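Below is protein.tsv, which holds TSV, C-alpha atoms and all ligand atoms.
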chain	number	residue	atom	x	y	z
A	274	MET	CA	68.78	112.85	81.15
A	275	GLY	CA	70.67	114.44	78.32
A	276	SER	CA	70.15	114.57	74.65
A	277	MET	CA	70.85	111.22	73.04
A	278	TYR	CA	72.97	112.92	70.44
A	279	MET	CA	75.41	114.69	72.70
A	280	MET	CA	78.66	112.99	71.96
A	281	LEU	CA	81.38	114.94	73.65
A	282	SER	CA	81.58	117.05	76.81
A	283	ILE	CA	84.73	119.05	77.46
A	284	VAL	CA	85.20	119.93	81.11
A	285	ILE	CA	87.52	122.84	81.91
A	286	PRO	CA	88.28	123.90	85.49
A	287	THR	CA	89.06	127.60	85.80
A	288	PHE	CA	90.56	129.76	88.48
A	289	ASN	CA	91.28	133.37	87.49
A	290	GLU	CA	91.62	132.69	83.78
A	291	ARG	CA	90.09	135.87	82.37
A	292	GLU	CA	92.73	136.17	79.65
A	293	ASN	CA	92.35	132.58	78.52
A	294	VAL	CA	88.73	131.44	78.44
A	295	ARG	CA	87.78	133.17	75.18
A	296	THR	CA	90.85	131.88	73.38
A	297	ILE	CA	90.43	128.30	74.50
A	298	ALA	CA	86.78	128.29	73.48
A	299	GLU	CA	87.75	129.60	70.03
A	300	ARG	CA	90.55	127.11	69.60
A	301	ILE	CA	88.22	124.27	70.55
A	302	HIS	CA	85.60	125.44	68.05
A	303	THR	CA	88.21	125.61	65.32
A	304	ALA	CA	89.66	122.22	66.20
A	305	LEU	CA	86.25	120.50	66.18
A	306	ALA	CA	84.70	122.43	63.28
A	307	GLY	CA	84.92	119.58	60.79
A	308	GLU	CA	83.92	116.81	63.19
A	309	PRO	CA	80.61	115.02	62.65
A	310	TYR	CA	79.42	115.09	66.27
A	311	GLU	CA	77.95	117.52	68.75
A	312	TYR	CA	79.92	118.81	71.69
A	313	GLU	CA	79.54	121.05	74.69
A	314	ILE	CA	82.06	122.88	76.88
A	315	TRP	CA	81.57	123.10	80.61
A	316	PHE	CA	83.67	125.61	82.53
A	317	ILE	CA	83.63	124.96	86.26
A	318	ASP	CA	84.84	128.14	87.79
A	319	ASP	CA	86.20	129.01	91.24
A	320	SER	CA	87.62	132.38	90.19
A	321	ARG	CA	87.97	135.45	92.34
A	322	ASP	CA	88.41	137.77	89.33
A	323	ASP	CA	85.91	138.62	86.59
A	324	THR	CA	86.26	135.28	84.76
A	325	PRO	CA	82.61	134.37	85.55
A	326	ILE	CA	81.40	137.57	83.86
A	327	ILE	CA	83.28	136.65	80.70
A	328	LEU	CA	81.97	133.07	80.94
A	329	ALA	CA	78.41	134.40	81.21
A	330	GLU	CA	78.90	136.43	78.02
A	331	LEU	CA	80.40	133.45	76.21
A	332	ALA	CA	77.55	131.19	77.30
A	333	LYS	CA	75.02	133.72	76.01
A	334	GLN	CA	76.73	133.98	72.62
A	335	GLN	CA	77.44	130.30	72.02
A	336	PRO	CA	75.02	127.46	72.72
A	337	GLN	CA	77.81	124.92	73.23
A	338	ILE	CA	79.23	126.82	76.18
A	339	HIS	CA	78.03	126.35	79.74
A	340	TYR	CA	79.53	127.36	83.00
A	341	PHE	CA	79.01	126.92	86.69
A	342	HIS	CA	80.52	129.24	89.24
A	343	ARG	CA	81.28	128.11	92.77
A	344	ASP	CA	81.73	130.67	95.48
A	345	HIS	CA	83.37	128.22	97.82
A	346	GLY	CA	85.21	126.00	95.38
A	347	THR	CA	87.09	123.00	96.74
A	348	GLY	CA	89.87	122.74	94.16
A	349	LEU	CA	90.65	121.68	90.63
A	350	ALA	CA	89.76	117.98	90.86
A	351	SER	CA	86.43	118.52	92.59
A	352	ALA	CA	85.57	121.11	89.91
A	353	VAL	CA	86.08	118.40	87.30
A	354	VAL	CA	83.81	116.01	89.21
A	355	GLU	CA	81.20	118.78	89.22
A	356	GLY	CA	81.67	119.08	85.45
A	357	PHE	CA	81.20	115.32	85.00
A	358	ALA	CA	77.89	115.56	86.86
A	359	ARG	CA	76.58	118.57	84.96
A	360	SER	CA	77.59	117.53	81.46
A	361	GLN	CA	75.76	115.03	79.28
A	362	GLY	CA	78.16	113.65	76.72
A	363	GLU	CA	78.91	110.00	76.27
A	364	TYR	CA	82.57	110.95	76.00
A	365	LEU	CA	84.29	113.29	78.43
A	366	VAL	CA	87.47	115.27	77.99
A	367	VAL	CA	89.21	117.16	80.77
A	368	MET	CA	91.67	119.95	79.94
A	369	ASP	CA	93.13	123.14	81.36
A	370	ALA	CA	92.03	126.62	80.32
A	371	ASP	CA	95.47	128.10	79.78
A	372	LEU	CA	96.22	126.41	76.42
A	373	GLN	CA	99.02	124.29	77.80
A	374	HIS	CA	96.88	121.38	76.58
A	375	PRO	CA	96.55	121.73	72.79
A	376	PRO	CA	92.88	121.60	71.65
A	377	GLU	CA	94.12	120.48	68.22
A	378	LEU	CA	94.52	117.00	69.70
A	379	LEU	CA	90.78	116.71	70.43
A	380	PRO	CA	89.70	115.06	67.14
A	381	THR	CA	92.30	112.28	67.52
A	382	LEU	CA	91.42	111.86	71.17
A	383	VAL	CA	87.72	111.44	70.41
A	384	GLN	CA	88.50	109.15	67.50
A	385	ARG	CA	90.37	106.82	69.87
A	386	LEU	CA	87.40	106.81	72.27
A	387	ARG	CA	85.16	105.87	69.37
A	388	GLN	CA	87.55	103.01	68.63
A	389	HIS	CA	86.58	101.37	71.93
A	390	ILE	CA	89.33	102.86	74.04
A	391	ASP	CA	88.08	103.61	77.58
A	392	ILE	CA	90.62	106.23	78.67
A	393	VAL	CA	92.82	108.27	76.33
A	394	ILE	CA	95.74	110.06	77.93
A	395	PRO	CA	97.79	112.62	76.03
A	396	SER	CA	101.24	112.10	77.46
A	397	ARG	CA	104.32	114.26	77.81
A	398	PHE	CA	106.46	111.19	78.35
A	399	VAL	CA	105.92	108.89	75.39
A	400	GLU	CA	107.94	109.17	72.21
A	401	GLY	CA	107.00	112.34	70.40
A	402	GLY	CA	105.75	114.08	73.54
A	403	SER	CA	107.49	116.86	75.46
A	404	ASP	CA	107.30	118.72	78.73
A	405	GLY	CA	108.32	122.23	77.69
A	406	GLY	CA	105.66	123.96	79.79
A	407	LEU	CA	107.30	123.41	83.18
A	408	ASN	CA	110.52	124.93	84.52
A	409	GLY	CA	113.31	122.75	85.88
A	410	PHE	CA	112.16	122.87	89.47
A	411	ARG	CA	108.54	122.07	88.61
A	412	LYS	CA	109.78	119.18	86.46
A	413	LEU	CA	111.59	117.69	89.44
A	414	VAL	CA	108.54	118.09	91.68
A	415	SER	CA	106.37	116.57	88.98
A	416	TRP	CA	108.76	113.63	88.50
A	417	THR	CA	108.87	112.96	92.26
A	418	ALA	CA	105.09	113.09	92.43
A	419	ARG	CA	104.81	110.51	89.66
A	420	VAL	CA	107.31	108.17	91.28
A	421	VAL	CA	105.55	108.39	94.65
A	422	GLY	CA	102.15	107.84	93.04
A	423	GLN	CA	103.33	104.88	90.99
A	424	LEU	CA	105.05	103.22	93.94
A	425	ALA	CA	101.94	103.57	96.06
A	426	LEU	CA	99.22	102.82	93.51
A	427	ARG	CA	99.46	99.84	91.20
A	428	ARG	CA	97.04	101.17	88.62
A	429	LEU	CA	99.23	104.19	87.91
A	430	ARG	CA	102.29	102.12	87.06
A	431	GLN	CA	101.62	101.41	83.40
A	432	VAL	CA	100.52	104.97	82.66
A	433	SER	CA	103.39	107.31	81.78
A	434	ASP	CA	101.57	110.62	82.41
A	435	CYS	CA	99.37	109.61	85.33
A	436	THR	CA	99.47	113.05	86.95
A	437	GLY	CA	98.56	115.10	83.89
A	438	GLY	CA	95.49	117.23	83.56
A	439	TYR	CA	94.56	116.37	79.95
A	440	PHE	CA	92.60	113.16	79.24
A	441	GLY	CA	89.46	111.72	77.72
A	442	LEU	CA	87.20	108.90	78.87
A	443	ARG	CA	83.93	107.15	78.26
A	444	ARG	CA	81.32	108.12	80.79
A	445	SER	CA	80.86	104.43	81.62
A	446	VAL	CA	84.33	104.43	83.25
A	447	ILE	CA	83.13	106.61	86.14
A	448	GLU	CA	79.43	105.81	86.16
A	449	HIS	CA	79.65	103.62	89.26
A	450	ALA	CA	82.73	105.17	90.85
A	451	LYS	CA	82.51	107.25	94.00
A	452	LEU	CA	84.85	110.08	93.08
A	453	ASP	CA	85.94	112.31	95.93
A	454	PRO	CA	89.40	113.60	95.07
A	455	ILE	CA	91.50	115.91	97.22
A	456	GLY	CA	93.37	118.68	95.41
A	457	TRP	CA	94.31	118.46	91.74
A	458	LYS	CA	94.84	114.99	90.37
A	459	ILE	CA	91.50	113.95	88.98
A	460	LEU	CA	93.13	111.55	86.50
A	461	MET	CA	94.72	109.63	89.37
A	462	GLU	CA	91.30	109.33	91.04
A	463	VAL	CA	89.74	108.05	87.80
A	464	LEU	CA	92.56	105.54	87.17
A	465	VAL	CA	92.31	104.09	90.68
A	466	LYS	CA	88.52	104.01	91.02
A	467	GLY	CA	87.24	103.75	87.46
A	468	GLU	CA	86.08	100.66	85.57
A	469	TYR	CA	88.05	100.27	82.38
A	470	GLN	CA	90.03	97.87	80.26
A	471	ARG	CA	91.74	99.80	77.53
A	472	VAL	CA	93.97	102.81	78.05
A	473	HIS	CA	95.68	104.58	75.17
A	474	GLU	CA	98.47	107.16	75.30
A	475	LEU	CA	98.99	109.88	72.70
A	476	PRO	CA	102.14	111.99	72.57
A	477	TYR	CA	101.68	115.74	73.01
A	478	ALA	CA	103.77	118.80	73.67
A	479	PHE	CA	102.89	120.46	76.96
A	480	ALA	CA	103.21	124.08	75.87
A	481	ALA	CA	104.04	127.19	77.86
A	482	ARG	CA	101.16	128.99	79.51
A	483	GLN	CA	99.31	131.42	77.23
A	484	ALA	CA	98.58	134.08	79.89
A	485	GLY	CA	98.07	134.40	83.63
A	486	GLU	CA	100.01	132.22	86.05
A	487	SER	CA	100.10	128.69	87.41
A	488	LYS	CA	98.12	128.02	90.59
A	489	MET	CA	100.39	125.18	91.69
A	490	SER	CA	101.51	125.69	95.28
A	491	LEU	CA	103.19	123.96	98.21
A	492	ARG	CA	99.74	123.36	99.62
A	493	GLU	CA	98.78	121.47	96.46
A	494	GLN	CA	101.83	119.26	96.88
A	495	TRP	CA	100.71	118.41	100.39
A	496	ASN	CA	97.20	117.77	99.07
A	497	TYR	CA	98.73	115.39	96.54
A	498	LEU	CA	100.36	113.25	99.24
A	499	HIS	CA	97.13	113.28	101.22
A	500	HIS	CA	95.25	112.20	98.11
A	501	VAL	CA	97.70	109.34	97.37
A	502	PHE	CA	97.44	108.18	100.99
A	503	ARG	CA	93.65	108.18	100.86
A	504	LEU	CA	93.58	106.28	97.57
A	505	VAL	CA	95.86	103.61	99.07
A	506	VAL	CA	93.46	103.28	102.00
A	507	GLN	CA	90.47	103.08	99.65
A	508	SER	CA	92.01	100.63	97.20
A	509	PRO	CA	91.89	96.96	98.30
A	510	GLU	CA	94.82	95.88	96.15
A	511	ASP	CA	97.10	98.73	97.23
A	512	ARG	CA	96.40	98.76	100.96
A	513	ARG	CA	96.81	95.01	101.41
A	514	PHE	CA	100.52	94.92	102.16
A	515	TYR	CA	100.26	97.73	104.73
A	516	LEU	CA	97.33	96.00	106.44
A	517	TYR	CA	99.39	92.81	106.53
A	518	CYS	CA	102.28	94.66	108.25
A	519	LEU	CA	99.84	96.26	110.67
A	520	VAL	CA	98.35	92.89	111.57
A	521	GLY	CA	101.86	91.47	112.02
A	522	GLY	CA	102.80	94.35	114.34
A	523	LEU	CA	99.64	93.84	116.36
A	524	GLY	CA	100.51	90.13	116.50
A	525	VAL	CA	103.84	90.91	118.16
A	526	VAL	CA	102.05	92.90	120.88
A	527	VAL	CA	99.55	90.07	121.41
A	528	ASN	CA	102.44	87.61	121.52
A	529	LEU	CA	104.26	89.51	124.28
A	530	ILE	CA	101.11	90.04	126.34
A	531	VAL	CA	100.15	86.35	126.16
A	532	MET	CA	103.69	85.27	127.02
A	533	THR	CA	103.73	87.56	130.06
A	534	ALA	CA	100.32	86.34	131.21
A	535	VAL	CA	101.19	82.66	130.79
A	536	MET	CA	104.60	82.98	132.41
A	537	TYR	CA	103.62	85.05	135.42
A	538	GLY	CA	99.93	84.15	135.69
A	539	LEU	CA	100.06	80.41	135.08
A	540	HIS	CA	103.70	80.00	136.16
A	541	LEU	CA	104.61	77.92	133.10
A	542	HIS	CA	108.16	77.43	131.86
A	543	PRO	CA	109.29	80.34	129.63
A	544	VAL	CA	109.84	78.05	126.61
A	545	LEU	CA	106.35	76.64	126.91
A	546	ALA	CA	104.97	80.14	127.43
A	547	SER	CA	106.80	81.27	124.29
A	548	ILE	CA	105.28	78.48	122.20
A	549	ILE	CA	101.77	79.15	123.50
A	550	ALA	CA	102.18	82.88	122.86
A	551	SER	CA	103.37	82.29	119.29
A	552	VAL	CA	100.48	79.96	118.49
A	553	VAL	CA	97.94	82.44	119.89
A	554	ALA	CA	99.56	85.25	117.88
A	555	MET	CA	99.49	83.13	114.74
A	556	ILE	CA	95.75	82.46	115.13
A	557	HIS	CA	95.22	86.14	115.90
A	558	ASN	CA	97.05	87.14	112.71
A	559	PHE	CA	95.18	84.59	110.65
A	560	LEU	CA	91.80	85.87	111.77
A	561	TRP	CA	92.58	89.54	111.07
A	562	ASN	CA	94.10	88.73	107.70
A	563	ASP	CA	91.10	86.59	106.81
A	564	ARG	CA	88.49	89.14	107.91
A	565	VAL	CA	90.30	92.32	106.89
A	566	THR	CA	93.47	92.08	104.80
A	567	TRP	CA	92.10	89.63	102.23
A	568	LYS	CA	88.41	89.96	103.00
A	569	GLU	CA	87.35	89.94	99.30
A	570	ARG	CA	89.14	86.64	98.78
A	571	THR	CA	87.10	84.23	100.94
A	572	PRO	CA	86.88	81.02	98.88
A	573	SER	CA	83.41	79.86	97.93
A	574	VAL	CA	84.38	76.19	98.14
A	575	ARG	CA	84.28	74.68	101.61
A	576	TRP	CA	87.37	72.46	101.38
A	577	ARG	CA	89.43	75.43	100.15
A	578	ARG	CA	88.27	77.36	103.17
A	579	MET	CA	89.31	74.53	105.53
A	580	LEU	CA	92.76	74.48	103.98
A	581	GLN	CA	93.54	78.14	104.58
A	582	MET	CA	94.63	77.89	108.21
A	583	PRO	CA	97.08	75.00	107.58
A	584	VAL	CA	98.50	76.76	104.52
A	585	PHE	CA	98.91	79.94	106.54
A	586	MET	CA	100.74	77.99	109.27
A	587	ALA	CA	103.05	76.37	106.74
A	588	VAL	CA	103.86	79.75	105.20
A	589	SER	CA	104.50	81.22	108.66
A	590	GLY	CA	106.77	78.24	109.41
A	591	VAL	CA	108.88	78.96	106.35
A	592	GLY	CA	108.97	82.63	107.40
A	593	ILE	CA	110.36	81.65	110.80
A	594	ALA	CA	112.96	79.38	109.19
A	595	VAL	CA	114.04	82.15	106.78
A	596	THR	CA	114.48	84.56	109.69
A	597	ALA	CA	116.54	81.99	111.59
A	598	LEU	CA	118.69	81.48	108.51
A	599	PHE	CA	119.58	85.16	108.52
A	600	VAL	CA	120.59	84.98	112.18
A	601	GLU	CA	122.76	81.94	111.37
A	602	VAL	CA	124.47	83.74	108.49
A	603	PHE	CA	125.05	86.85	110.60
A	604	LEU	CA	126.56	84.73	113.38
A	605	ARG	CA	129.00	83.13	110.96
A	606	LEU	CA	130.01	86.52	109.62
A	607	HIS	CA	130.42	87.87	113.19
A	608	TRP	CA	127.78	90.50	112.56
A	609	PRO	CA	125.27	91.43	115.27
A	610	GLU	CA	122.63	88.69	115.46
A	611	LEU	CA	119.81	91.10	116.38
A	612	VAL	CA	120.41	92.99	113.15
A	613	GLY	CA	120.27	89.63	111.37
A	614	GLN	CA	116.94	88.94	113.07
A	615	LEU	CA	115.62	92.33	111.93
A	616	VAL	CA	116.72	91.80	108.32
A	617	GLY	CA	115.22	88.31	108.46
A	618	ILE	CA	111.90	89.72	109.69
A	619	VAL	CA	111.76	92.23	106.83
A	620	VAL	CA	112.60	89.59	104.22
A	621	SER	CA	110.17	87.04	105.60
A	622	THR	CA	107.39	89.62	105.90
A	623	VAL	CA	107.67	90.34	102.20
A	624	TRP	CA	107.98	86.66	101.33
A	625	THR	CA	105.09	85.48	103.50
A	626	PHE	CA	102.92	88.27	102.14
A	627	ILE	CA	103.55	87.14	98.59
A	628	ALA	CA	103.06	83.48	99.53
A	629	ASN	CA	99.83	84.11	101.45
A	630	ASN	CA	98.53	86.28	98.65
A	631	ARG	CA	99.13	83.43	96.28
A	632	TRP	CA	98.29	80.30	98.20
A	633	THR	CA	96.35	81.10	101.36
A	634	TRP	CA	93.94	83.70	100.04
A	635	THR	CA	94.03	82.79	96.36
A	636	GLU	CA	92.38	85.18	93.96
A	637	ARG	CA	89.18	83.75	92.49
A	638	ALA	CA	89.09	83.16	88.74
A	639	ASN	CA	86.63	85.99	88.04
A	640	GLN	CA	88.66	88.44	90.13
A	641	LYS	CA	91.80	87.49	88.28
A	642	LYS	CA	90.16	88.02	84.92
A	643	LEU	CA	89.05	91.52	85.85
A	644	ARG	CA	92.46	92.50	87.18
A	645	HIS	CA	94.49	91.38	84.20
A	646	LYS	CA	92.25	93.09	81.74
A	647	VAL	CA	93.76	96.57	81.76
A	648	ARG	CA	95.86	97.09	78.64
A	649	VAL	CA	97.81	100.21	77.85
A	650	THR	CA	98.68	100.97	74.23
A	651	GLN	CA	100.52	103.84	72.61
A	652	GLU	CA	100.22	105.70	69.38
B	701	LIG	N1	87.82	125.37	89.25
B	701	LIG	C1	89.11	125.42	89.61
B	701	LIG	N2	89.42	125.48	90.94
B	701	LIG	N3	90.09	125.40	88.69
B	701	LIG	C2	91.37	125.47	89.09
B	701	LIG	C3	91.74	125.53	90.44
B	701	LIG	C4	90.71	125.55	91.40
B	701	LIG	O1	90.92	125.62	92.62
B	701	LIG	N4	93.10	125.61	90.51
B	701	LIG	C5	93.55	125.58	89.23
B	701	LIG	N5	92.51	125.52	88.37
B	701	LIG	C6	92.53	125.45	86.91
B	701	LIG	C7	93.35	126.54	86.23
B	701	LIG	O2	92.59	127.69	86.01
B	701	LIG	C8	93.76	125.85	84.93
B	701	LIG	O3	92.73	125.91	83.96
B	701	LIG	C9	93.94	124.39	85.36
B	701	LIG	O4	93.14	124.23	86.54
B	701	LIG	C10	95.39	124.03	85.64
B	701	LIG	O5	95.96	124.95	86.53
B	701	LIG	P1	97.44	125.56	86.32
B	701	LIG	O6	97.66	126.52	87.41
B	701	LIG	O7	97.58	126.05	84.91
B	701	LIG	O8	98.31	124.26	86.56
B	701	LIG	P2	99.72	123.85	85.94
B	701	LIG	O9	99.87	124.31	84.52
B	701	LIG	O10	100.79	124.26	86.87
B	701	LIG	O11	99.63	122.25	85.90
B	701	LIG	C11	98.64	121.62	85.08
B	701	LIG	O12	99.15	120.84	84.02
B	701	LIG	C12	99.93	119.72	84.41
B	701	LIG	C13	100.28	118.91	83.18
B	701	LIG	O13	99.12	118.40	82.56
B	701	LIG	C14	97.75	120.76	85.93
B	701	LIG	O14	96.67	120.24	85.16
B	701	LIG	C15	98.56	119.62	86.51
B	701	LIG	O15	97.73	118.77	87.28
B	701	LIG	C16	99.19	118.84	85.39
B	701	LIG	O16	100.11	117.88	85.89
B	702	MN	MN	98.73	125.46	83.36

The structure in this file should be written as structure tokens.
Amino acid sequence: MGSMYMMLSIVIPTFNERENVRTIAERIHTALAGEPYEYEIWFIDDSRDDTPIILAELAKQQPQIHYFHRDHGTGLASAVVEGFARSQGEYLVVMDADLQHPPELLPTLVQRLRQHIDIVIPSRFVEGGSDGGLNGFRKLVSWTARVVGQLALRRLRQVSDCTGGYFGLRRSVIEHAKLDPIGWKILMEVLVKGEYQRVHELPYAFAARQAGESKMSLREQWNYLHHVFRLVVQSPEDRRFYLYCLVGGLGVVVNLIVMTAVMYGLHLHPVLASIIASVVAMIHNFLWNDRVTWKERTPSVRWRRMLQMPVFMAVSGVGIAVTALFVEVFLRLHWPELVGQLVGIVVSTVWTFIANNRWTWTERANQKKLRHKVRVTQE
């Protein structure tokens, strides 16, 4: 349990930053000198050089400074999680050691947190911000990473600088979250798993590195994709569509097996076998979607529950009709009908997903309220 008066904890991950740690500490002290609250700085260090020796000196000289050295560090983001656990402030700020993230922004950042903002994100990409600290190639990589992240993870979409390393938050945002990030992007982990309603973006200029060099590598870019993939798997709202496709694919296999069994085992007419197989596959799909894909959405009212299967069948019926329509259109245009079938399947998969999400497994009122609550504002 920390001091009740500790307001702000600044967490700084470091890896071979011997030329920078003194300067950043000084610049933070200067920036916060006039502020009416207490703060502490936590360096979480994985360095192989003599950074920890310098950190030990700093910590001895200045009571606000703390550090923790890891001999077998597991990357930038996990260092920040370590810093969250060791620090005590009600407000947390994460920033880099190399002065690419201007400490002069700290007072404004904390002020916004005190104005009931849950997460404050200094952004390179809102009006007034700039991205001067990266070269052209890194900018392209960074842009691609953001696009991939925002396509895959809904909660990143409204946030312009969702892959940055500079941000502030209330401790309550992560109090109940199980953070286990891979690689670098701790902000992405917090945005997907945290509990928050108000996000605020501040423009800032991402400066050039003060000294030393960037630790970004190809390996980190792979880690990023791995991290995005894992967050999709862990996030009910983001994995749903992929689960739905998986269930549908499994349904096709079930369909073919049942048809084979009925045709050759029971010697029924192929058309009858086809109908039986489709009905079995439909029930199969319904059960998996009910128990897995939309498992958080089971209605509490009994009559709503009874209605789900018929609604699902109606939606599937429309899906089949839409697919057939594509085949019809392709036939008229003298295009290959199998391609028409394929296009129809893709379109009806998307449509039936949206329809089932809306009508079959309707979001409960309290779930809806929680989801719509996130608001992003800008300076
Ligand atoms: N503890 C620890 N362990 N710290 C690390 C590690 C690690 O394995 N790798 C890097 N760091 C520290 C660095 O010492 C530095 O303080 C900070 O993390 C960022 O590393 P840089 O090497 O300077 O990264 P960058 O400048 O290329 O990119 C940074 O800024 C971008 C814009 O905000 C990162 O924060 C990116 O994630 C961010 O998008
Ligand atoms: Mn940097």

Go through A:Gln337, A:Ser621, A:Ser415, A:Thr635 one by one, measure the shortest atom-to-atom distance of each to ligand LIG 701 (chain B) using all atoms listed in the file, and give the residue with the smallest value. A:Ser415

Would you list the residues that come within 10 Å of ligand MN 702 (chain B)? Count all atoms listed in the file and give the answer as a PyMOL selection string. chain A and resi 368-374+406-407+438+479-489

Kindly indicate which residue among A:Gly409, A:Gly362, A:Pro380, A:Gly437 lies nearest to ligand LIG 701 (chain B), using all atoms listed in the file for the distances.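 Of A:Gly409, A:Gly362, A:Pro380, A:Gly437, the one nearest ligand LIG 701 (chain B), counting all atoms listed in the file, is A:Gly437.
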
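Atom CA of A:Ala450 is found 25.5 Å from atom P1 of ligand LIG 701 (chain B).
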
How big is the axis-aligned box, and where does its centre sit, when it encloses all atoms of ligand LIG 701 (chain B) listed in the file and has 4 Å added on every side, reported in Å to one decimal as AutoDock Vina command-line options?
--center_x 94.3 --center_y 122.8 --center_z 87.6 --size_x 21.0 --size_y 17.8 --size_z 18.1

Selected residue, from A:Gly422, A:Gly441, A:Gly401, A:Pro395, that lies nearest to A:Glu474 when counting all atoms listed in the file: A:Pro395

Neighbour residues at most 12 Å from (99.8, 95.5, 102.9) (all atoms listed in the file) as a PyMOL selection string: chain A and resi 425-426+505-506+508-522+562+565-567+622-623+625-627+629-630

I need the residue nearest ligand LIG 701 (chain B) from this list: A:Leu378, A:Leu464, A:Leu331, A:Ala478. Use all atoms listed in the file for the distance.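 So, comparing all the options, the nearest one is A:Ala478.
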
One number please: atom CA of A:Ile314 to atom CA of A:Tyr340, in Å, one decimal.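 Rounded to one decimal, the two atoms are 8.0 Å apart.
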
Expressed in Å, the length from atom O13 of ligand LIG 701 (chain B) to atom CA of A:Phe341 is 22.2 Å
